[in-house]
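**Student:** Dropping a structure here in structure tokens format, bear with me for questions.
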Amino acid sequence: MKNLLAVLFLLLVGTGLFLVFGSDFFGTTPQKSASNGSEPPVLEGNENTTPETENKGIELKPPVSKGKQGEKKPSPTERTKFEQPKHPQGVRGRVISVLGQPVPKAKVYLLKEIPPSDMIRLLAMMQQGGGIRAQIVSETRTDALGRFVLRAPATKGEAGYEVHIVAPKMKVLRKKLRLLPKHWEDLGLLKLEQGKTLFGQIRQEKTKTPIPGATVLVRLTQMNVLVPTPGFEDGIVGKTDSLGRYEISGLPDGPFEVKAFARGFGTIIKPDIAFTRNEKRFKQDFDLPRGFEIEGWVVDSDGKPIPRASIEVIPFSTQNPTRGNTRSDQEGHFAVLGLAAGQYMVKAEAQGFVATEKKPVKAGEKECQVVLERQSSILVRVLSKRGTPIRNYRLEVKTWFEGQEGYGKSQIPPIEVRGAKKGAYELSGLNPGNYILQAEALNYALSFSKKFRIAGNSTDPQEIEIRLSKGGTIKGRVVDAQNRPVAGASVSSLDNNFQDNPLTRIFASMMTVNVSQKTVITDKRGNFTLKLLTPANYQLMIDHPSFSKTFKKGIQVQDEQVSNVGTILLRRGGRVEGIVIFKGAPLPGAKVSLSGRVGDPKNPQMVFENVFADAKGRFKIPRSLPSGDYEIQASRTNLANPILAIADIQRSTTQVKVHDGQTTRVRVEIKNN
């Protein structure tokens, strides 16, 4: 059986990352296998206290990050001195140039990867214009012989590490790895390739007069993914000299985006600049047009000015990707400068108002008026089923859509209400739309209001009532195969549609839960009782370290009733352990994935487990597994191109049969085709 779910997931993630990274960016130096030593090397001198390397000209100079117009944020390089932690494991290596010469004073960073559970959320943040900052675990500089040592905690979970090496005029080198406990990873010789150089001149479009002090910003998409290089999260910046000339070195082959702009002029963006294989220097001139502006006012529906409103202008044409940001003044007036000719959308938002878009607006418009409607408010009253006011409760606002059973998340964060007089709370900040309120309180079940709708231009607040009930109860008993009670088993209530698989874990932060998720522990007689459950259709997950995990589905919970599920049988299950082999030798740190469909063929239980091999390539699945047929795959974790991990999975698939009370040992070999 092919593990289709795992392969599809890796294919989606791997393909996306490879398209972003590209092959050139990762370098071509092969990575050595992990060293067998448990102690770091002794280096002559102190490679951790070398002075800062000064970049000549404007090579690899990170920009000053700006937010709204006129606001200045601290540079990402403005950090306190990093002190290496003391750990019994780490990574070491030696950095050389393409000519074999040592590269001293190169910056070496050990960075934490993004765990899959956070990946979707961070990708969404990037899509909305937010940036991801580098997560530095450890950092140092190379010594006079190009050597470095970095200590760090052992890798845990799915997220590994990346080593990034930065030196003037060189391409940034990246290496993926996992650090095993009390084990030193030896990367051997790491060869830095000479970077490419982008240069040119910035002039006025009509007169061809040079523009001194103009800004050139290179955005390296390779450095803006989930593990950005410190100092380059926002790109590389350069300034023109008195003759309008600029030069930026240390670039990869591309593609990358180059943006040129200057005060009093428009902005030009070249989105897909790339060097050819043998090209070392690339000339890109910019002739900036005179700048345009869009000016106007932000007012409410009564014509009153709205100060401090956030304004963003977005071009219609992809050929004119110039954007602009600002805020309105005390009179509601705003002006966005430095725009190229063309049509724009003006987006305005302010606290307490519904975000509004006005389009099309032509560059040069001086009287652009944006009218914002006030957000609506409602009066929430939370009572017991018998009408007693609830003073303390947690309130969440959810959305709903016609034809869909579940509820979605809203823009309003959960609210902790304390001391509400007569159970009442005024909730504001609602945009037009469809909503439902969720409330929970001590000794009450999770409860919902009726669905309601907020219309535009709503003035009088609606009153929404939520009646909290005691909910229903699930009780039962957990026993083993000899009908003996199992004490200490955890019993958790879940939505009946919940599936325990890798995709569910990744998307968990984006999912809404409309049932009561509770966990209890069985007593010495194996009995359990789950109380205060919202009426719904549930499943139970029963887990104990000495038994295989078991699920029981289709449990209907009704208000003020007890659902007795009777006896639930836990089986001992079997254990799986083994070794991963690559090129005839054990593979340290390999990722091992196990999957299977076991149990009733009509309603099978899906089982997924991921572990990592130790320094000797050995692994153990950490829990007992239900008896049945499984597949095991392995992949390397130091691959620059994530798509290669899919090839490893396909070449290593091994069938395994698990029996109750037995340990199955398996050899998983990644065949080298």
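Naming scheme: A, B, ... for chains in displayed order of the structure tokens; residues 1 onward per chain; ligands 1 onward as shown.
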List the spatial neighbours of Thr267 of chain A as number ranges by chain - criterion: any atom at most 9 Å away, only C-alpha atoms, same-chain residues fewer than 5 positions off excluded.
**Tutor:** A: 259-262, 288-289, 291, 320-323, 338-340
**Student:** Residues within 8 Å of Gly566 of chain A, please, as a list of chain:residue names. Count only C-alpha atoms; anything in the same chain fewer than 2 positions from it doesn't count.
**Tutor:**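 Counting only the stated atoms, we get A:Lys475, A:Gly476, A:Arg477, A:Asn564, A:Ile568.
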**Student:** If you measure from atom CA of Gln343 of chain A to atom CA of Gly456 of chain A, what distance in Å do you get, rounded to one decimal?
**Tutor:**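 Separating atom CA of Gln343 of chain A from atom CA of Gly456 of chain A is a distance of 27.5 Å.
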**Student:** Go ahead and compute the interatomic distance for atom CA of Thr663 of chain A and atom CA of Pro586 of chain A, in Å to one decimal.
**Tutor:**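 Atom CA of Pro586 of chain A lies 20.6 Å from atom CA of Thr663 of chain A.
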**Student:** What does the distance between atom CA of Arg203 of chain A and atom CA of Phe286 of chain A come to in Å, to one decimal place?
**Tutor:** 6.3 Å
**Student:** Quick one: everything within 8 Å of Val218 of chain A, counting only C-alpha atoms, minus sequence neighbours fewer than 4 positions away in the same chain. Send it as number ranges by chain.
**Tutor:** A: 235-237, 256-259
**Student:** With C-alpha atoms kept, could you save the residues just selected as a PDB file, in the first residue's frame?
**Tutor:**
ATOM      1  CA  GLY A 235      16.232  42.321   1.031  1.00  0.00           C
ATOM      2  CA  ILE A 236      19.555  43.988   0.175  1.00  0.00           C
ATOM      3  CA  VAL A 237      19.731  47.757  -0.239  1.00  0.00           C
ATOM      4  CA  PHE A 256      15.090  38.220  -7.841  1.00  0.00           C
ATOM      5  CA  GLU A 257      13.161  41.456  -7.721  1.00  0.00           C
ATOM      6  CA  VAL A 258      14.861  44.863  -7.973  1.00  0.00           C
ATOM      7  CA  LYS A 259      13.082  48.039  -6.899  1.00  0.00           C
TER       8      LYS A 259
END
**Student:** With distances taken over only C-alpha atoms, which residue among A:Gly596, A:Pro502, A:Gly213, A:Gly244 lies nearest Gly200 of chain A?
**Tutor:** A:Gly244
**Student:** Would you kindly return, as a PyMOL selection string, each protein, DNA or RNA residue with an atom no farther than 9 Å from any atom of segment 295-307 of chain A, considering only C-alpha atoms and excluding same-chain residues fewer than 5 positions away?
**Tutor:** chain A and resi 327-337+348+350+353+364-374+457
**Student:** So, counting only C-alpha atoms, which residue among A:Met541, A:Leu427, A:Ala455, A:Leu150 is closest to Ser377 of chain A?
**Tutor:** A:Leu427
**Student:** Which residues come within 12 Å of Arg277 of chain A, counting only C-alpha atoms, excluding same-chain residues fewer than 4 positions away, as a PyMOL selection string?
**Tutor:** chain A and resi 24+195-196+252-254+281-282
**Student:** Generate the output file for the selected residues, N, CA and C atoms, as a compact mmCIF listing (two decimals), in the first residue's frame.
**Tutor:**
# COMPACT_ATOMS: atom_id res chain seq x y z
N ASP A 24 20.35 26.72 -7.53
CA ASP A 24 21.61 27.45 -7.45
C ASP A 24 21.84 28.00 -6.05
N GLY A 195 29.74 35.49 -5.56
CA GLY A 195 28.43 36.00 -5.93
C GLY A 195 28.47 36.84 -7.20
N LYS A 196 27.31 37.07 -7.76
CA LYS A 196 27.18 37.90 -8.94
C LYS A 196 26.99 39.36 -8.52
N PRO A 252 22.93 35.64 -5.75
CA PRO A 252 22.82 34.35 -6.44
C PRO A 252 22.41 34.58 -7.89
N ASP A 253 22.23 33.51 -8.63
CA ASP A 253 21.89 33.64 -10.05
C ASP A 253 20.51 34.24 -10.26
N GLY A 254 19.63 34.15 -9.27
CA GLY A 254 18.29 34.70 -9.39
C GLY A 254 17.28 33.57 -9.61
N ARG A 281 28.49 39.78 -14.03
CA ARG A 281 28.00 41.13 -13.78
C ARG A 281 26.82 41.39 -14.71
N PHE A 282 25.82 42.08 -14.17
CA PHE A 282 24.62 42.39 -14.95
C PHE A 282 24.29 43.86 -14.75
**Student:** Which residue, A:Phe547, A:Arg290, A:Lys171, A:His183, has the smallest gap to Lys208 of chain A when you use only C-alpha atoms?
**Tutor:**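 Checking each candidate against Lys208 of chain A, we get A:Arg290 as the closest.
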